[in-house]
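The data block below is run17.cif; it holds mmCIF, C-alpha atoms.
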```
data_data
#
loop_
_atom_site.label_atom_id
_atom_site.label_comp_id
_atom_site.auth_asym_id
_atom_site.auth_seq_id
_atom_site.Cartn_x
_atom_site.Cartn_y
_atom_site.Cartn_z
CA MET L 1041 35.37 -109.17 -14.57
CA ASN L 1042 34.75 -110.90 -17.88
CA PRO L 1043 36.63 -114.11 -18.44
CA GLY L 1044 39.65 -113.55 -20.57
CA SER L 1045 39.74 -109.86 -19.86
CA LEU L 1046 43.03 -108.30 -19.02
CA GLU L 1047 43.63 -106.50 -15.77
CA ARG L 1048 46.33 -103.91 -15.62
CA GLU L 1049 47.63 -102.28 -12.49
CA GLY L 1050 48.61 -98.66 -12.62
CA GLY L 1051 49.66 -96.55 -9.66
CA SER L 1052 48.35 -96.98 -6.15
CA GLY L 1053 44.65 -97.65 -6.36
CA ASP L 1054 44.63 -97.13 -10.14
CA ARG L 1055 43.22 -100.40 -11.45
CA ARG L 1056 41.77 -100.48 -14.93
CA THR L 1057 40.13 -103.43 -16.57
CA ILE L 1058 40.30 -104.09 -20.29
CA GLY L 1059 37.48 -106.35 -21.37
CA PRO L 1060 36.39 -107.56 -24.80
CA PRO L 1061 35.21 -104.76 -27.14
CA GLY L 1062 31.52 -103.91 -27.12
CA PRO L 1063 29.24 -104.38 -30.18
CA ALA L 1064 29.87 -100.83 -31.49
CA GLN L 1065 33.65 -101.22 -31.13
CA GLN L 1066 33.47 -104.60 -32.89
CA ILE L 1067 31.72 -103.04 -35.88
CA TRP L 1068 34.30 -100.26 -36.08
CA ILE L 1069 37.20 -102.72 -35.89
CA LEU L 1070 35.68 -104.86 -38.66
CA VAL L 1071 34.94 -101.82 -40.85
CA LEU L 1072 38.53 -100.60 -40.40
CA LEU L 1073 40.01 -104.02 -41.19
CA GLY L 1074 37.63 -104.38 -44.15
CA ALA L 1075 38.80 -101.03 -45.52
CA ILE L 1076 42.46 -102.10 -45.09
CA CYS L 1077 41.74 -105.40 -46.92
CA ILE L 1078 39.99 -103.65 -49.82
CA GLY L 1079 42.85 -101.08 -49.92
CA LEU L 1080 45.40 -103.91 -50.11
CA GLU L 1081 43.37 -105.65 -52.81
CA ILE L 1082 43.29 -102.48 -54.92
CA GLY L 1083 46.79 -101.18 -54.11
CA VAL L 1084 48.81 -104.40 -54.08
CA HIS L 1085 46.86 -106.68 -56.39
CA LEU L 1086 45.35 -104.25 -58.89
CA PHE L 1087 48.17 -101.67 -59.16
CA LEU L 1088 51.31 -103.55 -58.08
CA ARG L 1089 50.09 -106.73 -59.82
CA THR L 1090 51.21 -108.92 -56.90
CA ALA L 1091 48.86 -111.66 -55.73
CA ILE L 1092 50.91 -113.13 -52.86
CA GLY L 1093 51.45 -112.20 -49.22
CA TYR L 1094 48.87 -109.47 -48.63
CA THR L 1095 45.91 -111.88 -48.32
CA HIS L 1096 47.25 -113.09 -44.94
CA ILE L 1097 45.91 -109.84 -43.51
CA PHE L 1098 42.44 -110.96 -44.62
CA TYR L 1099 42.46 -113.75 -42.02
CA VAL L 1100 42.61 -111.23 -39.18
CA LEU L 1101 39.33 -109.75 -40.41
CA LEU L 1102 37.74 -113.15 -41.06
CA VAL L 1103 38.76 -114.70 -37.70
CA LEU L 1104 37.54 -111.69 -35.69
CA ALA L 1105 34.27 -111.57 -37.64
CA ALA L 1106 33.76 -115.33 -37.08
CA ILE L 1107 34.47 -115.02 -33.32
CA TRP L 1108 32.06 -112.15 -32.87
CA TYR L 1109 29.34 -112.90 -35.42
CA TYR L 1110 29.67 -116.66 -36.00
CA GLN L 1111 28.24 -117.84 -39.38
CA LYS L 1112 27.38 -114.26 -40.42
CA ALA L 1113 31.14 -113.82 -40.98
CA LEU L 1114 30.74 -115.98 -44.11
CA ILE L 1115 29.17 -112.89 -45.74
CA VAL L 1116 32.44 -110.99 -45.12
CA ALA L 1117 34.39 -113.99 -46.45
CA ALA L 1118 32.18 -114.09 -49.56
CA ALA L 1119 32.71 -110.35 -50.10
CA LEU L 1120 36.50 -110.81 -49.91
CA VAL L 1121 36.28 -113.77 -52.31
CA ALA L 1122 34.28 -111.60 -54.73
CA ALA L 1123 36.84 -108.77 -54.47
CA THR L 1124 39.71 -111.22 -55.05
CA PHE L 1125 37.96 -112.77 -58.07
CA LEU L 1126 37.17 -109.35 -59.53
CA THR L 1127 40.74 -108.01 -59.26
CA SER L 1128 42.15 -111.35 -60.54
CA ILE L 1129 39.90 -111.15 -63.62
CA ILE L 1130 40.89 -107.49 -64.21
CA VAL L 1131 44.61 -108.21 -63.70
CA GLY L 1132 44.32 -111.47 -65.63
CA ASP L 1133 45.98 -113.80 -63.09
CA PHE L 1134 42.90 -115.91 -62.27
CA SER L 1135 44.14 -119.44 -61.64
CA TRP L 1136 43.72 -122.52 -59.41
CA ALA L 1137 45.67 -120.58 -56.71
CA THR L 1138 42.97 -117.90 -56.70
CA LEU L 1139 40.30 -120.56 -56.23
CA LEU L 1140 42.29 -122.23 -53.43
CA ARG L 1141 42.77 -118.89 -51.67
CA ALA L 1142 39.03 -118.13 -51.92
CA ALA L 1143 38.14 -121.60 -50.62
CA MET L 1144 40.50 -121.12 -47.65
CA PHE L 1145 38.79 -117.82 -46.79
CA LEU L 1146 35.44 -119.60 -46.57
CA VAL L 1147 36.70 -122.77 -44.81
CA VAL L 1148 38.73 -120.93 -42.14
CA THR L 1149 35.83 -118.57 -41.46
CA TRP L 1150 33.35 -121.46 -41.15
CA ILE L 1151 35.63 -123.48 -38.79
CA VAL L 1152 36.34 -120.49 -36.50
CA ALA L 1153 32.63 -119.58 -36.49
CA ARG L 1154 31.62 -123.12 -35.46
CA ILE L 1155 34.24 -123.32 -32.70
CA SER L 1156 33.32 -119.89 -31.42
CA GLU L 1157 29.61 -120.70 -31.50
CA GLU L 1158 30.17 -123.97 -29.61
CA ARG L 1159 32.40 -122.32 -27.01
CA ASP L 1160 29.88 -119.53 -26.30
CA ARG L 1161 27.00 -122.01 -26.13
CA ALA L 1162 28.92 -124.11 -23.57
CA LYS L 1163 29.76 -120.97 -21.61
CA GLU L 1164 26.09 -119.98 -21.53
CA GLU L 1165 25.13 -123.50 -20.43
CA ILE L 1166 27.63 -123.36 -17.56
CA ILE L 1167 26.25 -119.99 -16.45
CA LEU L 1168 22.68 -121.37 -16.50
CA GLN L 1169 23.74 -124.47 -14.55
CA LYS L 1170 25.56 -122.29 -12.02
CA LYS L 1171 22.46 -120.13 -11.64
CA ALA L 1172 20.26 -123.20 -11.12
CA ILE L 1173 22.67 -124.55 -8.48
CA GLU L 1174 22.70 -121.17 -6.72
CA GLU L 1175 18.89 -121.09 -6.76
CA LYS L 1176 18.72 -124.59 -5.28
CA HIS L 1177 21.29 -123.65 -2.66
CA SER L 1178 19.36 -120.52 -1.79
CA ALA L 1179 16.14 -122.56 -1.46
CA LEU L 1180 17.96 -125.01 0.81
CA VAL L 1181 19.29 -122.20 3.01
CA GLY L 1182 15.77 -120.76 3.17
CA TYR L 1183 14.42 -124.18 4.13
CA LEU L 1184 17.00 -124.59 6.89
CA ALA L 1185 16.29 -121.10 8.22
CA GLU L 1186 12.56 -121.81 8.28
CA VAL L 1187 13.20 -125.16 10.02
CA ALA L 1188 15.23 -123.41 12.71
CA LEU L 1189 12.64 -120.67 13.02
CA ARG L 1190 9.56 -122.87 13.16
CA MET L 1191 10.95 -125.95 14.90
CA LYS L 1192 14.26 -125.67 16.71
CA ASN L 1193 13.51 -122.43 18.55
CA PRO L 1194 9.88 -123.24 19.41
CA VAL L 1195 11.10 -126.60 20.77
CA ASN L 1196 13.46 -124.67 23.05
CA LEU L 1197 10.55 -122.54 24.16
CA MET L 1198 8.46 -125.65 24.79
CA ARG L 1199 11.26 -127.20 26.83
CA ASP L 1200 11.33 -124.11 29.07
CA ASN L 1201 7.55 -124.13 29.35
CA MET L 1202 7.68 -127.80 30.38
CA ALA L 1203 10.36 -127.02 32.96
CA ALA L 1204 8.09 -124.31 34.36
CA ILE L 1205 5.20 -126.79 34.52
CA ARG L 1206 7.40 -129.26 36.42
CA LEU L 1207 8.35 -126.52 38.90
CA GLN L 1208 4.65 -125.81 39.34
CA LEU L 1209 4.00 -129.50 40.07
CA GLU L 1210 6.84 -129.57 42.58
CA SER L 1211 5.34 -126.67 44.54
CA GLU L 1212 3.45 -127.34 47.77
CA LYS L 1213 0.00 -126.70 46.34
CA PRO L 1214 0.13 -127.17 42.57
CA ASP L 1215 -2.78 -125.74 40.62
CA LEU L 1216 -3.67 -128.91 38.75
CA GLU L 1217 -6.23 -127.20 36.54
CA ALA L 1218 -3.61 -124.68 35.37
CA VAL L 1219 -1.07 -127.47 34.85
CA LYS L 1220 -3.59 -129.37 32.76
CA MET L 1221 -4.22 -126.33 30.60
CA GLU L 1222 -0.51 -125.61 30.20
CA LEU L 1223 0.16 -129.24 29.24
CA SER L 1224 -2.65 -129.14 26.67
CA VAL L 1225 -1.08 -126.05 25.12
CA GLN L 1226 2.35 -127.68 24.98
CA ILE L 1227 0.87 -130.83 23.36
CA THR L 1228 -0.84 -128.61 20.76
CA HIS L 1229 2.48 -126.84 20.10
CA ALA L 1230 4.20 -130.24 19.67
CA ASP L 1231 1.49 -131.46 17.29
CA GLN L 1232 1.85 -128.34 15.19
CA ILE L 1233 5.66 -128.63 15.12
CA ILE L 1234 5.35 -132.22 13.81
CA ALA L 1235 2.85 -131.01 11.18
CA ASN L 1236 5.25 -128.21 10.19
CA PHE L 1237 8.09 -130.70 9.88
CA ARG L 1238 6.01 -132.91 7.59
CA GLU L 1239 4.87 -129.93 5.54
CA LEU L 1240 8.39 -128.58 5.09
CA ASN L 1241 9.75 -132.02 4.21
CA GLN L 1242 6.97 -132.45 1.68
CA ALA L 1243 7.95 -129.14 0.11
CA ILE L 1244 11.62 -130.05 -0.15
CA VAL L 1245 10.92 -133.56 -1.45
CA GLU L 1246 8.64 -132.25 -4.18
CA GLU L 1247 11.33 -129.78 -5.23
CA ARG L 1248 14.16 -132.33 -5.37
CA ASP L 1249 13.99 -135.09 -7.96
CA GLU L 1250 17.33 -136.56 -6.93
CA ILE L 1251 15.98 -137.83 -3.58
CA PRO L 1252 15.32 -141.59 -3.90
CA LEU L 1253 11.69 -142.72 -3.59
CA ALA L 1254 12.31 -144.63 -0.33
CA TYR L 1255 13.73 -141.51 1.31
CA ARG L 1256 10.89 -139.36 0.01
CA ASP L 1257 8.44 -141.78 1.62
CA PHE L 1258 10.41 -141.74 4.88
CA LEU L 1259 10.61 -137.94 5.01
CA THR L 1260 6.91 -137.46 4.38
CA ARG L 1261 5.69 -140.32 6.57
CA MET V 185 12.31 -106.69 37.98
CA SER V 186 11.25 -103.29 36.73
CA ILE V 187 11.67 -102.34 33.10
CA ASP V 188 12.19 -98.90 31.74
CA LEU V 189 9.47 -98.49 29.15
CA ALA V 190 9.34 -94.71 29.26
CA GLY V 191 8.90 -94.58 25.50
CA ILE V 192 5.56 -96.34 25.84
CA GLY V 193 4.08 -93.09 27.12
CA GLN V 194 4.91 -91.51 23.76
CA ASN V 195 2.95 -94.16 21.85
CA ARG V 196 5.98 -96.10 20.86
CA LEU V 197 6.30 -99.62 19.56
CA PHE V 198 8.93 -102.01 20.86
CA LEU V 199 10.27 -105.39 19.95
CA VAL V 200 11.31 -106.98 23.23
CA LEU V 201 13.76 -109.86 23.09
CA SER V 202 14.05 -112.26 25.99
CA SER V 203 15.62 -115.63 26.70
CA ALA V 204 13.13 -118.51 26.57
CA GLU V 205 13.47 -119.35 30.26
CA ARG V 206 12.76 -115.76 31.32
CA LEU V 207 9.98 -115.05 28.86
CA LYS V 208 7.16 -115.57 31.35
CA GLN V 209 8.93 -113.55 34.05
CA ASN V 210 9.65 -110.75 31.60
CA ASN V 211 6.01 -110.77 30.50
CA ILE V 212 4.99 -110.19 34.13
CA SER V 213 7.59 -107.42 34.55
CA ILE V 214 6.35 -105.61 31.45
CA ILE V 215 2.70 -105.87 32.56
CA ARG V 216 3.65 -104.54 36.00
CA SER V 217 5.50 -101.59 34.45
CA LEU V 218 2.70 -100.78 32.04
CA THR V 219 -0.16 -101.00 34.54
CA GLY V 220 1.97 -99.00 36.96
CA GLN V 221 2.16 -96.24 34.33
CA GLY V 222 -1.64 -96.27 34.03
CA HIS V 223 -1.89 -98.14 30.75
CA ARG V 224 -4.76 -100.39 29.76
CA VAL V 225 -2.98 -103.49 28.54
CA VAL V 226 -4.34 -105.98 26.02
CA VAL V 227 -2.39 -109.23 26.17
CA ILE V 228 -2.45 -111.32 23.01
CA THR V 229 -1.34 -114.73 24.15
CA SER V 230 -0.32 -117.73 22.11
CA ASN V 231 2.12 -119.26 24.58
CA HIS V 232 0.13 -119.58 27.80
CA PRO V 233 -3.61 -119.89 28.41
CA SER V 234 -5.08 -116.58 29.51
CA ALA V 235 -6.57 -118.24 32.60
CA VAL V 236 -3.08 -119.23 33.72
CA LEU V 237 -1.69 -115.78 33.02
CA LYS V 238 -4.53 -114.18 34.96
CA LYS V 239 -3.75 -116.26 38.04
CA LEU V 240 -0.08 -115.46 37.62
CA TYR V 241 -0.67 -111.70 37.32
CA ALA V 242 -3.04 -111.73 40.27
CA ALA V 243 -0.46 -113.61 42.35
CA GLU V 244 2.10 -110.93 41.41
CA GLY V 245 -0.24 -108.20 42.65
CA ILE V 246 -0.97 -106.71 39.23
CA GLU V 247 -4.14 -104.65 38.98
CA MET V 248 -6.28 -106.96 36.85
CA GLY V 249 -8.84 -104.25 36.06
CA ARG V 250 -6.29 -102.78 33.65
CA VAL V 251 -5.54 -106.01 31.81
CA SER V 252 -7.64 -107.75 29.16
CA PHE V 253 -6.81 -110.73 26.94
CA ILE V 254 -7.07 -112.00 23.42
CA ASP V 255 -6.39 -115.71 23.80
CA THR V 256 -5.42 -117.55 20.64
CA ILE V 257 -4.39 -120.86 22.18
CA THR V 258 -6.86 -122.01 24.87
CA LYS V 259 -9.78 -122.77 22.56
CA TYR V 260 -7.45 -124.49 20.07
CA ALA V 261 -5.63 -126.58 22.69
CA MET V 262 -8.51 -127.40 25.04
CA GLY V 263 -11.32 -127.51 22.52
CA ARG V 264 -13.47 -125.39 24.81
CA VAL V 265 -13.48 -122.05 26.58
CA PRO V 266 -13.09 -122.09 30.38
CA GLU V 267 -15.92 -120.62 32.41
CA GLY V 268 -15.76 -117.24 34.07
CA GLN V 269 -13.48 -115.58 31.51
CA GLU V 270 -15.75 -112.74 30.37
CA ASP V 271 -12.94 -110.20 29.95
CA CYS V 272 -11.20 -112.40 27.41
CA ARG V 273 -11.71 -112.88 23.69
CA TYR V 274 -10.94 -116.33 22.36
CA ILE V 275 -9.65 -116.97 18.86
CA SER V 276 -10.23 -120.41 17.33
CA SER V 277 -6.55 -120.92 16.41
CA PRO V 278 -3.27 -118.97 16.51
CA SER V 279 -3.15 -119.30 12.72
CA ASN V 280 -6.51 -117.55 12.34
CA LEU V 281 -5.04 -114.13 11.65
CA THR V 282 -8.28 -112.75 10.23
CA ASP V 283 -10.17 -113.28 13.50
CA LEU V 284 -7.15 -112.09 15.47
CA GLY V 285 -6.97 -108.90 13.40
CA ILE V 286 -10.70 -108.28 13.91
CA ALA V 287 -10.42 -108.90 17.66
CA ILE V 288 -7.48 -106.49 17.96
CA THR V 289 -9.34 -103.80 15.99
CA GLU V 290 -12.44 -104.20 18.17
CA VAL V 291 -10.48 -104.13 21.44
CA LEU V 292 -8.53 -101.06 20.35
CA ASN V 293 -11.79 -99.32 19.40
CA THR V 294 -13.25 -99.99 22.84
CA LEU V 295 -10.12 -98.52 24.43
CA SER V 296 -10.10 -95.29 22.39
CA GLY V 297 -9.34 -92.32 24.62
CA GLU V 298 -7.38 -94.46 27.06
CA LYS V 299 -3.67 -95.14 27.28
CA ALA V 300 -3.82 -98.47 25.51
CA CYS V 301 -0.96 -100.86 25.01
CA LEU V 302 -0.88 -104.17 23.19
CA LEU V 303 1.41 -106.91 24.52
CA PHE V 304 2.04 -109.64 22.00
CA ASP V 305 3.23 -112.86 23.73
CA SER V 306 4.94 -114.13 21.71
CA ILE V 307 6.11 -113.91 18.11
CA SER V 308 8.25 -117.03 18.67
CA THR V 309 5.23 -119.15 19.56
CA LEU V 310 3.20 -117.74 16.71
CA LEU V 311 5.98 -118.99 14.39
CA ILE V 312 4.92 -122.56 15.22
CA TYR V 313 1.57 -121.88 13.59
CA ILE V 314 2.32 -119.35 10.86
CA PRO V 315 5.15 -119.08 8.29
CA SER V 316 7.62 -116.27 8.91
CA THR V 317 6.48 -114.29 5.84
CA ASN V 318 2.88 -114.19 7.11
CA ILE V 319 4.05 -113.20 10.59
CA SER V 320 5.98 -110.30 9.14
CA LYS V 321 2.93 -109.10 7.17
CA PHE V 322 0.67 -109.48 10.20
CA ILE V 323 3.00 -107.58 12.52
CA HIS V 324 3.23 -104.83 9.91
CA PHE V 325 -0.58 -104.69 9.86
CA ILE V 326 -0.76 -104.53 13.68
CA THR V 327 1.93 -101.84 14.01
CA SER V 328 0.20 -99.71 11.36
CA LYS V 329 -3.10 -100.09 13.20
CA LEU V 330 -1.50 -99.17 16.53
CA ARG V 331 0.05 -96.04 15.02
CA LEU V 332 -3.30 -95.04 13.52
CA VAL V 333 -5.11 -95.24 16.87
CA ASP V 334 -2.16 -93.75 18.82
CA ALA V 335 -1.70 -96.87 20.88
CA SER V 336 1.50 -98.48 22.09
CA GLY V 337 2.68 -101.99 21.40
CA ILE V 338 5.17 -104.47 22.73
CA PHE V 339 6.08 -107.56 20.73
CA LEU V 340 7.75 -110.24 22.82
CA ALA V 341 10.07 -112.70 21.13
CA VAL V 342 12.69 -115.18 22.20
CA GLU V 343 16.12 -113.76 21.54
CA LYS V 344 18.03 -115.81 18.95
CA GLY V 345 14.62 -117.24 18.02
CA LEU V 346 14.20 -114.99 14.99
CA ASP V 347 16.21 -115.33 11.83
CA PRO V 348 18.17 -112.25 10.67
CA LEU V 349 15.73 -111.45 7.84
CA LEU V 350 12.62 -111.58 10.05
CA LEU V 351 14.41 -109.67 12.82
CA THR V 352 15.39 -106.93 10.34
CA GLN V 353 11.81 -106.69 9.05
CA LEU V 354 10.33 -106.53 12.56
CA THR V 355 12.92 -103.95 13.61
CA THR V 356 11.82 -101.66 10.80
CA TYR V 357 8.17 -101.86 11.92
CA VAL V 358 8.86 -100.84 15.53
CA ASP V 359 10.49 -97.78 17.07
CA GLY V 360 13.00 -99.66 19.14
CA THR V 361 14.30 -103.05 20.20
CA ILE V 362 14.89 -103.90 23.83
CA ASP V 363 17.01 -106.86 24.84
CA MET V 364 15.66 -107.81 28.27
CA ASP V 365 18.61 -109.98 29.08
CA MET V 366 20.90 -107.03 28.56
CA SER V 367 18.85 -104.91 30.97
CA PRO V 368 18.88 -106.64 34.37
CA ARG V 369 17.78 -103.44 36.07
CA ALA V 370 15.47 -100.66 35.00
CA GLU V 371 18.19 -98.05 34.73
CA ASP V 372 20.29 -100.36 32.63
CA ALA V 373 17.56 -101.03 30.12
CA LYS V 374 19.36 -100.69 26.86
CA GLU V 375 17.76 -99.89 23.60
CA VAL V 376 19.76 -101.94 21.18
CA GLY V 377 18.22 -100.79 17.96
CA SER V 378 15.68 -98.48 16.49
CA GLY V 379 13.51 -98.67 13.42
CA ALA V 380 11.08 -96.44 11.49
#
```
Could you take the file, read its structure, and then write that structure out as structure tokens?
Amino acid sequence: MNPGSLEREGGSGDRRTIGPPGPAQQIWILVLLGAICIGLEIGVHLFLRTAIGYTHIFYVLLVLAAIWYYQKALIVAAALVAATFLTSIIVGDFSWATLLRAAMFLVVTWIVARISEERDRAKEEIILQKKAIEEKHSALVGYLAEVALRMKNPVNLMRDNMAAIRLQLESEKPDLEAVKMELSVQITHADQIIANFRELNQAIVEERDEIPLAYRDFLTR
Amino acid sequence: MSIDLAGIGQNRLFLVLSSAERLKQNNISIIRSLTGQGHRVVVITSNHPSAVLKKLYAAEGIEMGRVSFIDTITKYAMGRVPEGQEDCRYISSPSNLTDLGIAITEVLNTLSGEKACLLFDSISTLLIYIPSTNISKFIHFITSKLRLVDASGIFLAVEKGLDPLLLTQLTTYVDGTIDMDMSPRAEDAKEVGSGA
């Protein structure tokens, strides 16, 4: 589920999730709000000759555009400023209040766009960090599995082989030549297990910068 | 102990899991069953020298004329090949999969027309010398080769000695998995899984 999305529970087993609108829906919402704003500008300002109150609706359009499209929303703000200026000139009520209103459109849009941009960038950074941690964790699990596979279990096998060799030596007539061969094989296994351990430690040390130098040296010694 | 390996007669491939302490004994039981069914068995050994296994099989009354060896460990561990081992092929190291693959291909070619079976002893020991990913690829190569020449194969491994991923991969390469420690008697031999 997307963060911030709303989950509603219907009947038994009827669970619907309402997430943020997709890009197409966003465009339609902005177009609709834009049309309402232009309608208000023409209807209220141009025909009713009233310049107060209706412009609050404009902020809904500007805030949503800034959240979804960041600095590009300044184009929408500029368009609304142009429409306001145009109707004010036609109606003849252009004043310092008109300029202040236009400035507020641009400032609010810019502030919301910056905050939104920063928030989404931080969110993306957190996701990337989480992914990197998961990758490291997965590599560590893989390393541990390989250690168990190539060291712990073969050591168990070697222990049983050694026990069998001891039994052979305890018999009445031990075959010393066979015992010698078996022991040579077990020594070779042990040598290889030590080499594997070094090799795997080398791999993990090279991957992990946070391991202090002294420990790196110890692990690869 | 006798093991029910009836499927071997139908050119089937098995992954056989055994506890570490019973691995050698189970190896002998499998060889006895296979030679008893008239199979020519090729033992690929990486855990015990072939010379030792030969003595062991002979002591157990196994017909040695039906058993041949590909020994991957003796030459590597001893640095030389023992005398009087003409029926055995020696590989320089258990990690030398190229030579091992060639030796298996050659042995299988010489046994064409016979009821041949490959006994791999063991995957767990081979893991000391080869990373698990390479083992998986190699076993896939061997099982494909065995299917092509209509031969059977048994891959011995220590139970709990394979990680779940490797076990899953190996299970898909073979026709069935047999847990030897769950089958104390022939009639109880239980096939615990089946693959491709």
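Using the PyMOL selection byres ((chain V) within 7 of (chain L)) on this structure selects Ala204, Glu205, His232, Pro233, Val236, Ile257, Ala261, Met262, Ser308, Thr309, Leu311, Ile312, Tyr313, Gly345, Leu346 and Asp347 of chain V.
In this comparison, which uses all atoms listed in the file, the residue of V:Leu197, V:Leu218, V:Leu310, V:Ile323 approaching Gln353 (chain V) most closely is V:Ile323.
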List as a PyMOL selection string the protein and nucleic acid residues near Gly1093 (chain L), meaning an atom at most 12 Å away when all atoms listed in the file are counted, but skip any in the same chain fewer than 6 places from it. chain L and resi 1080-1081+1084-1085+1099+1141
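Here CA of Gln221 (chain V) is placed at a distance of 14.5 Å from CA of Leu303 (chain V).
Residue nearest Asp365 (chain V), chosen from V:Arg250, V:His324, V:Lys344, V:Lys299 and counting only C-alpha atoms: V:Lys344.
In this structure, CA of Leu207 (chain V) sits 13.0 Å away from CA of Met1202 (chain L).
Shortest separation to Ile212 (chain V) among V:Leu281, V:Leu330, V:Val251, V:Leu351 occurs at residue V:Val251, atoms counted being all atoms listed in the file.
Here CA of Pro266 (chain V) is placed at a distance of 21.5 Å from CA of Ser306 (chain V).
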Could you produce a table of the residues of region 207-250 of chain V lying within 12 Å of region 290-294 of chain V, with the nearest pair of atoms per residue and their separation in Å rounded to one decimal, using all atoms listed in the file, ordered by chain and increasing residue number, as a tab-separated table?
```
residue	atom	partner	partner_atom	distance
V:Arg224	CA	V:Leu292	CA	10.2
V:Val225	CA	V:Leu292	CA	10.2
V:Val226	CA	V:Val291	CA	7.9
V:Val227	CA	V:Val291	CA	10.7
V:Ile228	CA	V:Val291	CA	10.9
```
I need the residue set behind the PyMOL selection byres ((chain L and resi 1109) around 12) for this file; please write it as a ChimeraX atom specification. /L:1063,1066-1067,1070,1101-1108,1110-1116,1149-1150,1152-1157,1160
Write out as lines of an AutoDock Vina configuration file an axis-aligned box for region 285-296 of chain V: all of its atoms listed in the file, 6 Å added on each side, centre and edge lengths in Å with one decimal.
```
center_x = -10.1
center_y = -102.1
center_z = 18.9
size_x = 18.3
size_y = 25.6
size_z = 23.0
```
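Residue selection for this entry, given the PyMOL selection byres ((chain L and resi 1078) around 12), comprises Val1071, Leu1072, Leu1073, Gly1074, Ala1075, Ile1076, Cys1077, Gly1079, Leu1080, Glu1081, Ile1082, Gly1083, Val1084, His1085, Leu1086, Tyr1094, Thr1095, Ile1097, Phe1098, Leu1101, Val1116, Ala1119, Leu1120, Val1121, Ala1122, Ala1123, Thr1124, Leu1126 and Thr1127 of chain L.
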Among V:Ile314, V:Val200, V:Leu349, V:Val358, Thr327 (chain V) is approached most closely, using all atoms listed in the file, by V:Val358
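Candidate residues L:Glu1174, L:Thr1090, L:Phe1145, L:Ile1167 were compared for distance to Ala1118 (chain L), and the nearest is L:Phe1145, using all atoms listed in the file.
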Pick from V:Ala235, V:Leu284, V:Ile338, V:Val333: nearest to Tyr357 (chain V), with only C-alpha atoms counted? V:Ile338
Determine, counting only C-alpha atoms, which protein, DNA and RNA residues have an atom within 8 Å of an atom of Ile275 (chain V); residues of the same chain fewer than 2 positions away are not included. Present the result as a PDB file with C-alpha atoms, keeping the file's coordinate frame.
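Below is the file result21.pdb, written as the result:
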```
ATOM      1  CA  ILE V 254      -7.070-112.000  23.420  1.00  0.00           C
ATOM      2  CA  ASP V 255      -6.390-115.710  23.800  1.00  0.00           C
ATOM      3  CA  THR V 256      -5.420-117.550  20.640  1.00  0.00           C
ATOM      4  CA  ILE V 257      -4.390-120.860  22.180  1.00  0.00           C
ATOM      5  CA  LYS V 259      -9.780-122.770  22.560  1.00  0.00           C
ATOM      6  CA  TYR V 260      -7.450-124.490  20.070  1.00  0.00           C
ATOM      7  CA  ARG V 273     -11.710-112.880  23.690  1.00  0.00           C
ATOM      8  CA  SER V 277      -6.550-120.920  16.410  1.00  0.00           C
ATOM      9  CA  PRO V 278      -3.270-118.970  16.510  1.00  0.00           C
ATOM     10  CA  ASN V 280      -6.510-117.550  12.340  1.00  0.00           C
ATOM     11  CA  ASP V 283     -10.170-113.280  13.500  1.00  0.00           C
ATOM     12  CA  LEU V 284      -7.150-112.090  15.470  1.00  0.00           C
TER      13      LEU V 284
END
```
